[in-house]
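Data block for target_25.pdb (PDB, C-alpha atoms and all ligand atoms):
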ATOM      1  CA  MET D   1      92.251  81.136  95.679
ATOM      2  CA  ASP D   2      88.637  81.193  96.840
ATOM      3  CA  GLU D   3      87.964  84.917  97.292
ATOM      4  CA  ALA D   4      84.465  84.500  98.738
ATOM      5  CA  LYS D   5      85.750  82.123 101.420
ATOM      6  CA  PHE D   6      88.689  84.403 102.230
ATOM      7  CA  ILE D   7      86.362  87.396 102.604
ATOM      8  CA  GLU D   8      83.989  85.466 104.879
ATOM      9  CA  GLU D   9      86.835  84.228 107.093
ATOM     10  CA  LYS D  10      88.461  87.645 107.393
ATOM     11  CA  ILE D  11      85.180  89.336 108.264
ATOM     12  CA  GLU D  12      84.735  86.867 111.137
ATOM     13  CA  GLU D  13      88.356  87.347 112.204
ATOM     14  CA  ILE D  14      88.106  91.156 112.282
ATOM     15  CA  LYS D  15      84.833  90.917 114.217
ATOM     16  CA  SER D  16      86.287  88.580 116.815
ATOM     17  CA  ILE D  17      89.472  90.663 117.292
ATOM     18  CA  THR D  18      87.838  94.073 117.601
ATOM     19  CA  GLY D  19      84.667  93.041 119.473
ATOM     20  CA  SER D  20      82.651  96.180 120.185
ATOM     21  CA  GLU D  21      85.649  98.534 120.086
ATOM     22  CA  LYS D  22      86.231 101.239 117.479
ATOM     23  CA  ALA D  23      88.773 100.808 114.679
ATOM     24  CA  ILE D  24      90.314 103.247 112.249
ATOM     25  CA  SER D  25      91.474 102.768 108.677
ATOM     26  CA  ALA D  26      93.760 105.145 106.771
ATOM     27  CA  LEU D  27      92.533 104.907 103.216
ATOM     28  CA  SER D  28      94.914 105.987 100.453
ATOM     29  CA  GLY D  29      92.920 104.878  97.425
ATOM     30  CA  GLY D  30      95.445 102.165  96.572
ATOM     31  CA  VAL D  31      94.216  98.606  96.121
ATOM     32  CA  ASP D  32      95.539  97.326  99.485
ATOM     33  CA  SER D  33      94.070  99.980 101.761
ATOM     34  CA  SER D  34      90.853 100.005  99.721
ATOM     35  CA  ALA D  35      90.291  96.237 100.015
ATOM     36  CA  CYS D  36      91.202  96.342 103.674
ATOM     37  CA  THR D  37      88.769  99.183 104.362
ATOM     38  CA  VAL D  38      85.842  97.449 102.653
ATOM     39  CA  LEU D  39      86.571  94.204 104.528
ATOM     40  CA  ALA D  40      86.706  95.971 107.886
ATOM     41  CA  HIS D  41      83.570  97.949 107.118
ATOM     42  CA  ARG D  42      81.701  94.751 106.280
ATOM     43  CA  ALA D  43      82.911  93.300 109.568
ATOM     44  CA  ILE D  44      82.201  96.142 111.994
ATOM     45  CA  GLY D  45      80.151  98.760 110.097
ATOM     46  CA  SER D  46      79.949 102.110 111.841
ATOM     47  CA  ASN D  47      82.556 101.098 114.429
ATOM     48  CA  LEU D  48      85.088 101.646 111.627
ATOM     49  CA  LYS D  49      86.194 105.225 111.063
ATOM     50  CA  VAL D  50      87.747 105.727 107.644
ATOM     51  CA  ILE D  51      90.081 108.659 107.109
ATOM     52  CA  PHE D  52      91.825 109.880 104.017
ATOM     53  CA  ILE D  53      94.761 112.177 104.746
ATOM     54  CA  ASP D  54      95.008 114.726 101.949
ATOM     55  CA  ASP D  55      98.727 115.455 102.005
ATOM     56  CA  GLY D  56      98.619 117.578  98.850
ATOM     57  CA  LEU D  57     100.869 115.027  97.130
ATOM     58  CA  MET D  58      98.186 112.905  95.493
ATOM     59  CA  ARG D  59      97.356 112.525  91.845
ATOM     60  CA  ALA D  60      94.714 114.773  90.227
ATOM     61  CA  ASN D  61      91.228 114.640  91.860
ATOM     62  CA  GLU D  62      92.264 111.774  94.118
ATOM     63  CA  PRO D  63      90.620 112.752  97.450
ATOM     64  CA  GLU D  64      87.303 113.561  95.744
ATOM     65  CA  ASP D  65      87.326 110.449  93.532
ATOM     66  CA  VAL D  66      88.206 108.082  96.371
ATOM     67  CA  SER D  67      85.600 109.474  98.752
ATOM     68  CA  ARG D  68      82.964 109.362  95.985
ATOM     69  CA  ILE D  69      83.756 105.716  95.203
ATOM     70  CA  PHE D  70      83.536 104.772  98.885
ATOM     71  CA  ALA D  71      80.365 106.797  99.451
ATOM     72  CA  GLY D  72      78.908 104.737  96.601
ATOM     73  CA  LEU D  73      79.762 101.602  98.579
ATOM     74  CA  GLY D  74      78.044 103.032 101.658
ATOM     75  CA  ILE D  75      81.333 103.825 103.417
ATOM     76  CA  PRO D  76      81.727 107.430 104.579
ATOM     77  CA  VAL D  77      85.282 108.787 104.352
ATOM     78  CA  ASP D  78      86.582 111.711 106.400
ATOM     79  CA  ILE D  79      89.036 113.743 104.332
ATOM     80  CA  ILE D  80      91.642 115.345 106.569
ATOM     81  CA  ASP D  81      93.115 118.378 104.822
ATOM     82  CA  ALA D  82      96.744 118.404 105.927
ATOM     83  CA  GLN D  83      98.275 119.861 102.760
ATOM     84  CA  ASP D  84      99.833 122.909 104.436
ATOM     85  CA  GLU D  85     101.354 120.784 107.191
ATOM     86  CA  PHE D  86     102.975 118.444 104.671
ATOM     87  CA  PHE D  87     104.384 121.233 102.515
ATOM     88  CA  TYR D  88     105.691 122.981 105.610
ATOM     89  CA  ALA D  89     107.372 119.765 106.785
ATOM     90  CA  LEU D  90     109.004 119.270 103.361
ATOM     91  CA  LYS D  91     110.114 122.891 102.933
ATOM     92  CA  GLY D  92     113.811 123.360 102.219
ATOM     93  CA  ILE D  93     114.604 119.617 102.030
ATOM     94  CA  SER D  94     116.316 118.355  98.873
ATOM     95  CA  ASP D  95     118.038 115.175 100.041
ATOM     96  CA  PRO D  96     115.912 112.145  99.020
ATOM     97  CA  GLU D  97     116.250 110.231 102.306
ATOM     98  CA  GLU D  98     115.631 113.355 104.373
ATOM     99  CA  LYS D  99     112.533 113.974 102.272
ATOM    100  CA  ARG D 100     111.180 110.476 102.888
ATOM    101  CA  LYS D 101     111.884 110.804 106.594
ATOM    102  CA  ALA D 102     110.170 114.183 106.810
ATOM    103  CA  PHE D 103     107.166 112.746 104.988
ATOM    104  CA  ARG D 104     106.961 109.755 107.303
ATOM    105  CA  ASP D 105     107.216 111.896 110.433
ATOM    106  CA  ILE D 106     104.516 114.344 109.423
ATOM    107  CA  PHE D 107     102.280 111.482 108.250
ATOM    108  CA  TYR D 108     102.379 109.854 111.662
ATOM    109  CA  THR D 109     101.971 113.167 113.455
ATOM    110  CA  VAL D 110      98.767 113.872 111.521
ATOM    111  CA  PHE D 111      97.598 110.269 111.694
ATOM    112  CA  GLY D 112      98.327 109.967 115.434
ATOM    113  CA  ARG D 113      96.250 113.071 116.066
ATOM    114  CA  GLU D 114      93.294 111.576 114.185
ATOM    115  CA  VAL D 115      93.580 108.275 116.035
ATOM    116  CA  MET D 116      93.505 110.083 119.395
ATOM    117  CA  ARG D 117      90.500 112.088 118.231
ATOM    118  CA  SER D 118      88.576 109.008 117.099
ATOM    119  CA  GLN D 119      89.330 107.005 120.274
ATOM    120  CA  ALA D 120      89.991 103.934 118.138
ATOM    121  CA  LYS D 121      91.514 100.872 119.767
ATOM    122  CA  TYR D 122      92.487  99.208 116.499
ATOM    123  CA  LEU D 123      94.173 100.278 113.296
ATOM    124  CA  VAL D 124      93.133  98.161 110.324
ATOM    125  CA  GLN D 125      96.017  98.253 107.866
ATOM    126  CA  GLY D 126      96.455  96.829 104.358
ATOM    127  CA  THR D 127      99.935  95.339 104.815
ATOM    128  CA  ILE D 128     100.454  92.522 102.285
ATOM    129  CA  ALA D 129     102.832  89.540 102.163
ATOM    130  CA  ALA D 130     105.426  91.243  99.933
ATOM    131  CA  ASP D 131     105.676  94.168 102.373
ATOM    132  CA  ILE D 132     106.545  91.804 105.193
ATOM    133  CA  ILE D 133     109.017  89.762 103.122
ATOM    134  CA  GLU D 134     110.739  92.909 101.795
ATOM    135  CA  THR D 135     110.865  94.521 105.211
ATOM    136  CA  LYS D 136     112.323  91.423 106.846
ATOM    137  CA  GLY D 137     114.805  91.016 103.974
ATOM    138  CA  GLY D 138     115.857  94.662 104.275
ATOM    139  CA  VAL D 139     114.797  95.376 100.682
ATOM    140  CA  LYS D 140     112.193  97.978 101.457
ATOM    141  CA  THR D 141     112.115 100.018 104.598
ATOM    142  CA  GLN D 142     108.986 102.041 104.083
ATOM    143  CA  HIS D 143     106.633  99.606 105.740
ATOM    144  CA  ASN D 144     106.359  98.728 109.429
ATOM    145  CA  ILE D 145     106.925 102.395 109.721
ATOM    146  CA  LEU D 146     105.831 102.758 113.318
ATOM    147  CA  GLU D 147     108.211 100.086 114.507
ATOM    148  CA  GLN D 148     111.077 101.665 112.586
ATOM    149  CA  ILE D 149     110.724 105.058 114.125
ATOM    150  CA  GLY D 150     110.681 103.385 117.497
ATOM    151  CA  ILE D 151     106.976 103.639 118.146
ATOM    152  CA  ASP D 152     105.062 100.762 119.656
ATOM    153  CA  PRO D 153     101.605 101.621 118.291
ATOM    154  CA  GLU D 154      99.921 100.549 121.489
ATOM    155  CA  LYS D 155     102.172 102.696 123.686
ATOM    156  CA  GLY D 156     102.488 105.601 121.237
ATOM    157  CA  PHE D 157      98.935 105.936 120.005
ATOM    158  CA  GLY D 158      96.986 103.471 122.113
ATOM    159  CA  PHE D 159      95.923 101.190 119.276
ATOM    160  CA  LYS D 160      96.659  97.653 118.117
ATOM    161  CA  VAL D 161      97.237  96.794 114.470
ATOM    162  CA  VAL D 162      95.010  94.378 112.530
ATOM    163  CA  GLU D 163      96.322  93.231 109.133
ATOM    164  CA  PRO D 164      93.758  91.082 107.315
ATOM    165  CA  LEU D 165      95.660  90.974 103.989
ATOM    166  CA  LYS D 166      99.070  90.005 105.299
ATOM    167  CA  GLU D 167      99.046  86.506 103.740
ATOM    168  CA  LEU D 168      98.179  87.753 100.261
ATOM    169  CA  PHE D 169     100.262  88.890  97.305
ATOM    170  CA  LYS D 170      99.259  91.830  95.132
ATOM    171  CA  HIS D 171      97.515  89.788  92.422
ATOM    172  CA  GLU D 172      95.445  88.070  95.105
ATOM    173  CA  VAL D 173      94.571  91.383  96.752
ATOM    174  CA  ARG D 174      93.354  92.584  93.341
ATOM    175  CA  LYS D 175      91.037  89.548  93.118
ATOM    176  CA  VAL D 176      89.709  90.127  96.645
ATOM    177  CA  ALA D 177      89.197  93.836  95.901
ATOM    178  CA  ARG D 178      87.209  92.913  92.816
ATOM    179  CA  ALA D 179      85.118  90.374  94.725
ATOM    180  CA  LEU D 180      84.416  93.040  97.358
ATOM    181  CA  GLY D 181      82.733  95.139  94.666
ATOM    182  CA  LEU D 182      85.448  97.749  94.268
ATOM    183  CA  PRO D 183      85.529  99.269  90.753
ATOM    184  CA  GLU D 184      88.248  98.435  88.215
ATOM    185  CA  ARG D 185      89.707 101.910  88.703
ATOM    186  CA  ILE D 186      90.727 100.680  92.175
ATOM    187  CA  TYR D 187      91.376  96.948  91.831
ATOM    188  CA  ALA D 188      93.457  97.263  88.663
ATOM    189  CA  ARG D 189      95.319 100.454  89.478
ATOM    190  CA  MET D 190      99.057 101.052  89.327
ATOM    191  CA  PRO D 191     101.141 101.129  92.496
ATOM    192  CA  PHE D 192     101.729 104.631  93.861
ATOM    193  CA  PRO D 193     104.457 105.460  96.392
ATOM    194  CA  GLY D 194     103.573 106.384  99.981
ATOM    195  CA  PRO D 195     105.274 109.802  99.744
ATOM    196  CA  GLY D 196     103.185 110.461  96.637
ATOM    197  CA  LEU D 197     104.310 113.036  94.111
ATOM    198  CA  ALA D 198     107.120 114.067  96.498
ATOM    199  CA  ALA D 199     108.890 110.940  95.184
ATOM    200  CA  ARG D 200     108.626 112.401  91.690
ATOM    201  CA  VAL D 201     110.024 115.861  92.292
ATOM    202  CA  VAL D 202     113.812 115.857  92.378
ATOM    203  CA  GLY D 203     115.048 118.458  94.872
ATOM    204  CA  GLU D 204     112.865 120.606  97.111
ATOM    205  CA  VAL D 205     109.138 119.868  97.061
ATOM    206  CA  THR D 206     106.952 122.958  96.659
ATOM    207  CA  PRO D 207     103.211 123.250  95.903
ATOM    208  CA  GLU D 208     104.083 124.700  92.475
ATOM    209  CA  LYS D 209     106.384 121.822  91.529
ATOM    210  CA  VAL D 210     103.874 119.235  92.749
ATOM    211  CA  SER D 211     101.128 120.896  90.771
ATOM    212  CA  LEU D 212     103.308 120.771  87.635
ATOM    213  CA  VAL D 213     104.248 117.105  88.050
ATOM    214  CA  ARG D 214     100.604 116.275  88.820
ATOM    215  CA  LYS D 215      99.502 117.690  85.462
ATOM    216  CA  ALA D 216     102.300 115.826  83.657
ATOM    217  CA  THR D 217     101.445 112.582  85.477
ATOM    218  CA  GLN D 218      97.816 112.853  84.429
ATOM    219  CA  ILE D 219      98.871 113.286  80.783
ATOM    220  CA  VAL D 220     101.248 110.283  80.947
ATOM    221  CA  GLU D 221      98.593 108.096  82.592
ATOM    222  CA  GLU D 222      95.934 109.075  80.033
ATOM    223  CA  GLU D 223      98.137 108.582  76.978
ATOM    224  CA  ILE D 224      99.737 105.330  78.117
ATOM    225  CA  GLU D 225      96.705 103.709  79.770
ATOM    226  CA  SER D 226      95.837 101.429  76.844
ATOM    227  CA  LEU D 227      99.292  99.795  77.069
ATOM    228  CA  LYS D 228      98.521  98.738  80.663
ATOM    229  CA  PRO D 229     102.055  99.145  82.006
ATOM    230  CA  PHE D 230     102.927  98.034  85.535
ATOM    231  CA  GLN D 231     103.549 101.667  86.406
ATOM    232  CA  ALA D 232     103.839 104.905  84.390
ATOM    233  CA  PHE D 233     104.361 108.462  85.558
ATOM    234  CA  ALA D 234     106.184 111.780  85.133
ATOM    235  CA  VAL D 235     109.135 113.131  87.097
ATOM    236  CA  LEU D 236     110.187 116.774  87.452
ATOM    237  CA  LEU D 237     113.934 117.328  87.486
ATOM    238  CA  SER D 238     115.596 120.108  89.462
ATOM    239  CA  ASP D 239     117.787 121.015  86.467
ATOM    240  CA  LYS D 240     116.505 123.211  83.681
ATOM    241  CA  GLY D 241     117.066 123.252  79.928
ATOM    242  CA  THR D 242     116.862 125.724  77.088
ATOM    243  CA  GLY D 243     113.789 125.917  74.890
ATOM    244  CA  ILE D 244     112.140 128.419  72.563
ATOM    245  CA  GLU D 245     109.026 130.470  73.217
ATOM    246  CA  GLU D 246     107.685 132.862  70.591
ATOM    247  CA  GLY D 247     111.060 132.912  68.860
ATOM    248  CA  ARG D 248     113.014 133.618  72.057
ATOM    249  CA  ARG D 249     115.240 131.438  74.190
ATOM    250  CA  LYS D 250     113.618 130.227  77.380
ATOM    251  CA  PHE D 251     115.204 128.321  80.220
ATOM    252  CA  GLY D 252     112.489 125.913  81.364
ATOM    253  CA  ASP D 253     111.636 122.694  83.181
ATOM    254  CA  ILE D 254     112.537 119.142  82.182
ATOM    255  CA  ILE D 255     110.069 116.283  82.561
ATOM    256  CA  ILE D 256     111.136 112.641  82.503
ATOM    257  CA  VAL D 257     108.532 110.084  81.447
ATOM    258  CA  ARG D 258     108.968 106.707  83.152
ATOM    259  CA  SER D 259     106.988 103.555  82.307
ATOM    260  CA  VAL D 260     108.008 100.106  83.490
ATOM    261  CA  GLU D 261     106.988  96.480  83.261
ATOM    262  CA  SER D 262     107.407  94.389  86.391
ATOM    263  CA  LYS D 263     105.900  91.526  88.374
ATOM    264  CA  ASP D 264     106.714  92.549  91.910
ATOM    265  CA  ALA D 265     108.538  95.904  91.611
ATOM    266  CA  MET D 266     111.776  94.223  92.754
ATOM    267  CA  THR D 267     113.096  94.331  89.184
ATOM    268  CA  ALA D 268     111.656  96.232  86.240
ATOM    269  CA  SER D 269     112.248  96.918  82.567
ATOM    270  CA  PRO D 270     111.249  99.980  80.560
ATOM    271  CA  THR D 271     107.995  99.659  78.593
ATOM    272  CA  GLN D 272     108.474  99.599  74.809
ATOM    273  CA  VAL D 273     106.165 102.535  74.275
ATOM    274  CA  PRO D 274     105.262 103.131  70.595
ATOM    275  CA  TRP D 275     106.862 106.248  69.114
ATOM    276  CA  ASP D 276     103.475 107.868  68.367
ATOM    277  CA  THR D 277     102.476 107.572  72.006
ATOM    278  CA  LEU D 278     105.750 109.111  73.161
ATOM    279  CA  MET D 279     105.320 111.992  70.707
ATOM    280  CA  ALA D 280     101.724 112.535  71.850
ATOM    281  CA  ILE D 281     102.919 112.691  75.473
ATOM    282  CA  SER D 282     105.708 115.130  74.609
ATOM    283  CA  ARG D 283     103.372 117.358  72.616
ATOM    284  CA  ARG D 284     100.675 117.431  75.270
ATOM    285  CA  ILE D 285     103.091 118.106  78.131
ATOM    286  CA  THR D 286     104.773 121.046  76.374
ATOM    287  CA  ASP D 287     101.416 122.401  75.093
ATOM    288  CA  GLU D 288      99.528 122.068  78.361
ATOM    289  CA  ILE D 289     102.349 122.932  80.773
ATOM    290  CA  PRO D 290     104.137 125.999  79.360
ATOM    291  CA  GLU D 291     106.905 125.867  81.997
ATOM    292  CA  VAL D 292     108.173 122.616  80.444
ATOM    293  CA  VAL D 293     110.569 122.941  77.505
ATOM    294  CA  ARG D 294     111.908 119.374  77.371
ATOM    295  CA  VAL D 295     110.438 115.893  77.735
ATOM    296  CA  ALA D 296     112.615 112.747  77.832
ATOM    297  CA  TYR D 297     111.728 109.053  78.006
ATOM    298  CA  GLU D 298     113.760 107.045  80.480
ATOM    299  CA  ILE D 299     115.137 103.672  79.376
ATOM    300  CA  THR D 300     116.937 102.355  82.455
ATOM    301  CA  PRO D 301     115.890  99.019  83.944
ATOM    302  CA  LYS D 302     115.787  98.274  87.689
ATOM    303  CA  PRO D 303     118.529  97.553  88.667
ATOM    304  CA  PRO D 304     120.621  99.648  88.335
ATOM    305  CA  ALA D 305     117.923 102.358  88.563
ATOM    306  CA  THR D 306     114.979 102.189  90.960
ATOM    307  CA  ILE D 307     111.469 102.739  89.685
ATOM    308  CA  GLU D 308     110.894 106.054  91.500
ATOM    309  CA  TYR D 309     113.418 108.918  91.368
ATOM    310  CA  VAL D 310     113.557 109.779  95.048
TER     311      VAL D 310
HETATM  312  P1  LIG D 401     111.546 101.665  93.835
HETATM  313  O1  LIG D 401     111.549 103.130  93.491
HETATM  314  O2  LIG D 401     112.219 101.380  95.141
HETATM  315  O3  LIG D 401     110.021 101.299  94.054
HETATM  316  O4  LIG D 401     112.055 100.803  92.731
HETATM  317  C1  LIG D 401     109.509  99.980  94.074
HETATM  318  C2  LIG D 401     107.992 100.052  94.133
HETATM  319  O5  LIG D 401     107.577 100.581  95.408
HETATM  320  C3  LIG D 401     106.874 101.797  95.223
HETATM  321  N1  LIG D 401     107.341 102.681  96.280
HETATM  322  C4  LIG D 401     106.719 102.836  97.457
HETATM  323  N2  LIG D 401     105.599 102.261  97.926
HETATM  324  N3  LIG D 401     105.851 103.478  99.944
HETATM  325  C5  LIG D 401     105.162 102.596  99.183
HETATM  326  O6  LIG D 401     104.138 102.101  99.629
HETATM  327  C6  LIG D 401     107.001 104.080  99.532
HETATM  328  O7  LIG D 401     107.613 104.870 100.249
HETATM  329  C7  LIG D 401     107.452 103.723  98.213
HETATM  330  N4  LIG D 401     108.529 104.102  97.472
HETATM  331  C8  LIG D 401     108.453 103.428  96.296
HETATM  332  C9  LIG D 401     107.208 102.274  93.834
HETATM  333  O8  LIG D 401     106.188 103.095  93.283
HETATM  334  C10 LIG D 401     107.370 100.982  93.091
HETATM  335  O9  LIG D 401     106.130 100.427  92.709
END
Show me, as C-alpha cells, the structure contained in the file I just sent.
Amino acid sequence: MDEAKFIEEKIEEIKSITGSEKAISALSGGVDSSACTVLAHRAIGSNLKVIFIDDGLMRANEPEDVSRIFAGLGIPVDIIDAQDEFFYALKGISDPEEKRKAFRDIFYTVFGREVMRSQAKYLVQGTIAADIIETKGGVKTQHNILEQIGIDPEKGFGFKVVEPLKELFKHEVRKVARALGLPERIYARMPFPGPGLAARVVGEVTPEKVSLVRKATQIVEEEIESLKPFQAFAVLLSDKGTGIEEGRRKFGDIIIVRSVESKDAMTASPTQVPWDTLMAISRRITDEIPEVVRVAYEITPKPPATIEYV
C-alpha cells in the first residue's frame, strides 16, 4: 500500500465532505482513532474538535499521555472527566452483557452531550474494515453502536459519520499511523477493549477494583513488552483465595495474567511466556499490590475462551 497517496486522498475526501462545517473526533489513544484524528486534523485544522472521554477505565496515565502526544503534534485534545458518571452507571452490575450495555449507554450519553456542545455536523470515526466485516457477520457487536441502540446519528445527535479508514485492515492502519508521524507507542500498541478495564474486572466494577487491575496491567505490560505479544493484560477475579501475610492466613484477591498471539483477534493462542518472566510478574504483582495473594497464568486458546474475560 502507498501510505502517502492514501493520506493525500483521504485528506481531500474529508475536506470535500465536511466543507466549512465543524467535525468532532472521539480520541481513545488506540491506533485507529489516533490515525483518524491526525488525518482529520490535517484536512480541516481547527474545525476539528478532538475530545478524549476519561471514563476512569483506562490504563495508567492514559489521558495525560495521549493528550501530551497529540499536543506535540499540534492537536489540542479536550479531556472530558466523566469518571464518576461511568462508575455510577456501572454500580451494582455484575452480569457481563449488562455491564457492556451500561458502558455503551453512558458512553453515548456523555458523547452526545459533547457533540451538542461543540455544534459539530460531522463525527470522524476510526472504523476499520474488520469492524464492518465482523459486525455484518454477527461476530462482534460492539461497533456500529449507534445503529444498534436504535439511534440514527443524524436524528439523535445531529451529526453525520465520516469513516476515512473503513477500507483498511489493522496492519495497514498501523502503517498509515506511522506515516502520519504518530509515535511507536501509538502505532504499534496492543488492542484495548472499548469498555476498558471494566472488561477485566469479573463481577461488579468499582473504582478500587479498577485501580487494582490497572496496577497489575501495568506490571504485566512492562514485564512482557519485550516478547511483543498481540495482547497481554491482567484480570481481577471476583473470587478470593487464601494467602499468608506476616505468618497469618489472609483471604485475598486473585489475578489472572493473560497473553495471547493472534492475527485478527478472531482466534488466539496463549503466548509461550518464559518461566522467568512469569515468576517476575507474579513476584511484582504480589509485592506491589498487597491485596493480591495469588497470580495465575491462563493457557486457554480462543476458542473456546474469548480474549477478554467479560
Ligand atoms: P474477545 O474478548 O471477544 O475480543 O475475544 C476480541 C478482540 O476485541 C477486543 N475487544 C473489544 N474491542 N470494543 C472494542 O473495540 C469492545 O467492546 C471489545 N471487546 C473486546 C479485545 O481486546 C480483543 O482484541
Each residue of range 208-261 of chain D with at least one atom at most 8 Å from range 51-74 of chain D should appear once, together with its nearest atom pair and the corresponding distance in Å (one decimal); atoms considered: all atoms listed in the file; ordering: chain, then increasing residue number; output as a Markdown table.
| residue | atom | partner | partner_atom | distance |
| --- | --- | --- | --- | --- |
| D:Val210 | CA | D:Leu57 | CA | 6.8 |
| D:Arg214 | CA | D:Arg59 | CA | 5.8 |
| D:Lys215 | CA | D:Ala60 | CA | 7.4 |
| D:Thr217 | CA | D:Arg59 | CA | 7.6 |
| D:Gln218 | CA | D:Ala60 | CA | 6.9 |
Could you save those same residues with C-alpha atoms as an mmCIF file, keeping the file's coordinate frame?
data_model
loop_
_atom_site.group_PDB
_atom_site.id
_atom_site.type_symbol
_atom_site.label_atom_id
_atom_site.label_comp_id
_atom_site.auth_asym_id
_atom_site.auth_seq_id
_atom_site.Cartn_x
_atom_site.Cartn_y
_atom_site.Cartn_z
ATOM 1 C CA VAL D 210 103.874 119.235 92.749
ATOM 2 C CA ARG D 214 100.604 116.275 88.820
ATOM 3 C CA LYS D 215 99.502 117.690 85.462
ATOM 4 C CA THR D 217 101.445 112.582 85.477
ATOM 5 C CA GLN D 218 97.816 112.853 84.429
#
Which residues of chain D come within 6 Å of ligand LIG 401 (chain D), and for each one, what is the closest pair of atoms and their distance in Å to one decimal, counting all atoms listed in the file, sorted by chain and residue number, as a tab-separated table?
residue	atom	partner	partner_atom	distance
D:Gln142	CA	D:LIG401	O7	5.0
D:Pro191	CA	D:LIG401	O9	5.0
D:Phe192	CA	D:LIG401	O8	4.8
D:Pro193	CA	D:LIG401	C4	3.6
D:Gly194	CA	D:LIG401	N3	3.7
D:Pro195	CA	D:LIG401	O7	5.5
D:Ala265	CA	D:LIG401	C1	4.9
D:Thr306	CA	D:LIG401	O4	3.7
D:Ile307	CA	D:LIG401	O4	3.7
D:Glu308	CA	D:LIG401	O1	3.6
TODO: With the file shown as input, list the residues that the PyMOL selection byres (((chain D and resi 279-289) around 10) and not hetatm) selects, as number ranges by chain.
DONE: D: 212-213, 215-224, 234, 253-257, 274-278, 290-297
Task: Selection near range 123-135 of chain D, 9 Å with all atoms listed in the file, sequence-local residues under 3 positions removed, as a ChimeraX atom specification - done: /D:14,23-27,31-37,40,48,115,120,138-144,159-170,173,264
Open item on the list: Which residue is closest to Tyr108 in chain D? Choose from D:Asp78, D:Glu13, D:Glu85, D:Glu3 and count only C-alpha atoms.
Closed with: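 Looking at the shortest contact to Tyr108 in chain D, the residue is D:Glu85.
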Where is the centre and how long are the edges: axis-aligned box on range 102-111 of chain D, 6 Å on each side, Å to one decimal, as JSON:
{"center_x": 103.9, "center_y": 112.0, "center_z": 109.2, "size_x": 24.6, "size_y": 16.6, "size_z": 20.5}
- [ ] For CA of Met190 in chain D and CA of Pro301 in chain D, quote the distance in Å rounded to one decimal.
- [x]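 CA of Pro301 in chain D lies 17.8 Å from CA of Met190 in chain D.
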TODO: Please measure the separation of CA of Asp105 in chain D and CA of Val77 in chain D, giving the value in Å to one decimal.
DONE: 23.0 Å
TODO: Go through the shown structure with the PyMOL selection byres (((chain D and resi 197-205) around 6) and not hetatm) and write out the matching residues as a ChimeraX atom specification.
DONE: /D:57,92-94,195-196,206,235-238,309-310
TODO: Quick one: pull the distance between CA of Lys121 in chain D and CA of Thr18 in chain D, Å, one decimal.
DONE: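 Separating CA of Lys121 in chain D from CA of Thr18 in chain D is a distance of 8.0 Å.
When only C-alpha atoms are used to measure the gap to Gly181 in chain D, the shortest distance among D:Ile44, D:Val110, D:Val273, D:Leu39 belongs to D:Leu39.
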Open item on the list: I'd like to know which of D:Ala43, D:Phe107, D:Glu9, D:Phe251 is closest to Gln83 in chain D, using all atoms listed in the file.
Closed with: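 Under the stated criterion, the closest residue is D:Phe107.
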Open item on the list: Using all atoms listed in the file - which residues lie no farther than 12 Å from the point (86.6, 83.5, 95.8) in the file's frame? Write them as a ChimeraX atom specification.
Closed with: /D:1-9,172-180
- [ ] Using only C-alpha atoms, pick whichever of D:Ala268, D:Glu208, D:Ala89, D:Tyr122 has the shortest atom-to-atom distance to Lys15 in chain D.
- [x] D:Tyr122
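The closest residue to Arg258 in chain D, picked from D:Gly241, D:Pro207, D:Gly137, D:Pro229 and counting all atoms listed in the file, is D:Pro229.
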